[in-house]
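Engineer: Quick one: this structure, given as structure tokens, is what I'll be asking you about.
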Amino acid sequence: MATAKKTQTSGFDWSKFDTGAGGDFISATEKKALADSGAPFTITNVKERESRFEHDTEFVIDIVVPEGVDDVEAGERALTFAKGTGAESRDATLTGMIAYFENGGDDIEAKLIKVGRAWLIKAA
């Protein structure tokens, strides 16, 4: 009878993989559906973190998706965008939102749009 191999996890640094996000990440399919719907959502926080992918830094945006948006799970979710990929206006907006939230700012109503290949956050 084969026995299951015991996995050593005590040395794993979970903090390197903690997103700090308020919920599940929005998938690419959901991102498109959210933008196509034009539905507003609530941004509750924005932070910057080291990316685990090809870009150095990325933004993590905590959002609340309302009920009733087709093909998008409602509730506390998160969006990510790589920083420095050519969407300078998005980077500037999200950097401004980081400062806004760090200074005690209230939630922000926004919507997601796509311009060319870039995803942008705009006022709802």
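In the structure tokens, the first chain shown is A, the next is B, and so on; residue numbers restart at 1 for each chain, and ligands run from 1 in the order shown.
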Mind running range 46-99 of chain A against range 28-32 of chain A at 8 Å and telling me each contacting residue's nearest atom pair with the distance in Å (one decimal), counting only C-alpha atoms, chain and number ascending, as JSON lines?

Structural biologist:
```
{"residue": "A:Asp71", "atom": "CA", "partner": "A:Glu30", "partner_atom": "CA", "distance": 6.3}
{"residue": "A:Val72", "atom": "CA", "partner": "A:Glu30", "partner_atom": "CA", "distance": 5.1}
{"residue": "A:Glu73", "atom": "CA", "partner": "A:Glu30", "partner_atom": "CA", "distance": 7.9}
```

Engineer: Env of range 103-114 of chain A: 7 Å cut, atoms = only C-alpha atoms, seq-sep filter 3 positions within chain, self excluded. Answer as a ChimeraX atom specification.

Structural biologist: /A:34-35,38-44,99-100,117-124

Engineer: Save out the residues we just selected, C-alpha atoms, as a tab-separated table (two decimals), in the first residue's frame.

Structural biologist:
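Contents of again33.tsv, freshly written:
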```
chain	number	residue	atom	x	y	z
A	34	LEU	CA	-17.82	44.21	-16.43
A	35	ALA	CA	-16.54	46.69	-19.01
A	38	GLY	CA	-20.91	49.67	-18.21
A	39	ALA	CA	-21.97	48.84	-14.65
A	40	PRO	CA	-20.47	50.97	-11.90
A	41	PHE	CA	-18.59	49.32	-9.05
A	42	THR	CA	-17.12	50.56	-5.79
A	43	ILE	CA	-13.37	50.89	-5.23
A	44	THR	CA	-12.57	50.41	-1.54
A	99	ALA	CA	-2.64	58.56	-1.85
A	100	TYR	CA	-6.36	59.32	-1.54
A	117	ARG	CA	-5.62	47.39	-25.71
A	118	ALA	CA	-5.66	49.29	-22.42
A	119	TRP	CA	-8.09	48.80	-19.54
A	120	LEU	CA	-8.89	52.11	-17.84
A	121	ILE	CA	-10.72	53.09	-14.64
A	122	LYS	CA	-13.08	56.03	-15.11
A	123	ALA	CA	-15.63	57.92	-13.01
A	124	ALA	CA	-19.02	56.20	-12.89
```

Engineer: Which residue gives the smallest distance to Glu76 in chain A among A:Asp62, A:Glu102, A:Glu88, A:Asp56, with only C-alpha atoms counted?

Structural biologist: A:Asp62

Engineer: At a cut-off of 6 Å, using only C-alpha atoms, what residues contact Ala74 in chain A? Leave out same-chain residues fewer than 6 positions from it and give the result as a PyMOL selection string.

Structural biologist: chain A and resi 65-67

Engineer: Those residues you just picked out, can you put them in a file as an mmCIF file, in the first residue's frame with N, CA and C atoms?

Structural biologist:
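For reference, again_39.cif as written:
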```cif
data_model
loop_
_atom_site.group_PDB
_atom_site.id
_atom_site.type_symbol
_atom_site.label_atom_id
_atom_site.label_comp_id
_atom_site.auth_asym_id
_atom_site.auth_seq_id
_atom_site.Cartn_x
_atom_site.Cartn_y
_atom_site.Cartn_z
ATOM 1 N N VAL A 65 -18.347 44.478 -6.523
ATOM 2 C CA VAL A 65 -19.159 44.351 -7.727
ATOM 3 C C VAL A 65 -20.612 44.202 -7.295
ATOM 4 N N PRO A 66 -21.511 45.033 -7.844
ATOM 5 C CA PRO A 66 -22.920 44.920 -7.448
ATOM 6 C C PRO A 66 -23.576 43.664 -8.017
ATOM 7 N N GLU A 67 -24.675 43.290 -7.426
ATOM 8 C CA GLU A 67 -25.496 42.190 -7.955
ATOM 9 C C GLU A 67 -26.040 42.600 -9.318
#
```

Engineer: Please, which residues of range 39-99 of chain A, numbered as in this document, come out helix (DSSP H, G or I) from DSSP, as a list of chain:residue names?

Structural biologist: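 In range 39-99 of chain A, DSSP puts these residues in helix (DSSP H, G or I): A:Glu88, A:Ser89, A:Arg90, A:Asp91, A:Ala92, A:Thr93, A:Leu94, A:Thr95, A:Gly96, A:Met97, A:Ile98, A:Ala99.
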
Engineer: Residues of the last selection are to be written out with C-alpha atoms, as a tab-separated table (two decimals), in the first residue's frame.

Structural biologist:
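Below you can see selection_14.tsv, which holds the result:
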```
chain	number	residue	atom	x	y	z
A	88	GLU	CA	0.10	56.16	-18.25
A	89	SER	CA	-3.28	57.73	-17.48
A	90	ARG	CA	-4.39	54.57	-15.64
A	91	ASP	CA	-1.12	54.45	-13.70
A	92	ALA	CA	-1.49	58.12	-12.73
A	93	THR	CA	-5.12	57.63	-11.67
A	94	LEU	CA	-4.33	54.57	-9.56
A	95	THR	CA	-1.29	56.23	-7.98
A	96	GLY	CA	-3.54	59.15	-7.04
A	97	MET	CA	-6.09	56.76	-5.56
A	98	ILE	CA	-3.40	55.15	-3.39
A	99	ALA	CA	-2.64	58.56	-1.85
```

Engineer: I need the strand (DSSP E or B) residues of range 16-111 of chain A per DSSP on the backbone, written as a PyMOL selection string.

Structural biologist: chain A and resi 24-25+41-50+57-65+75-82+108-111
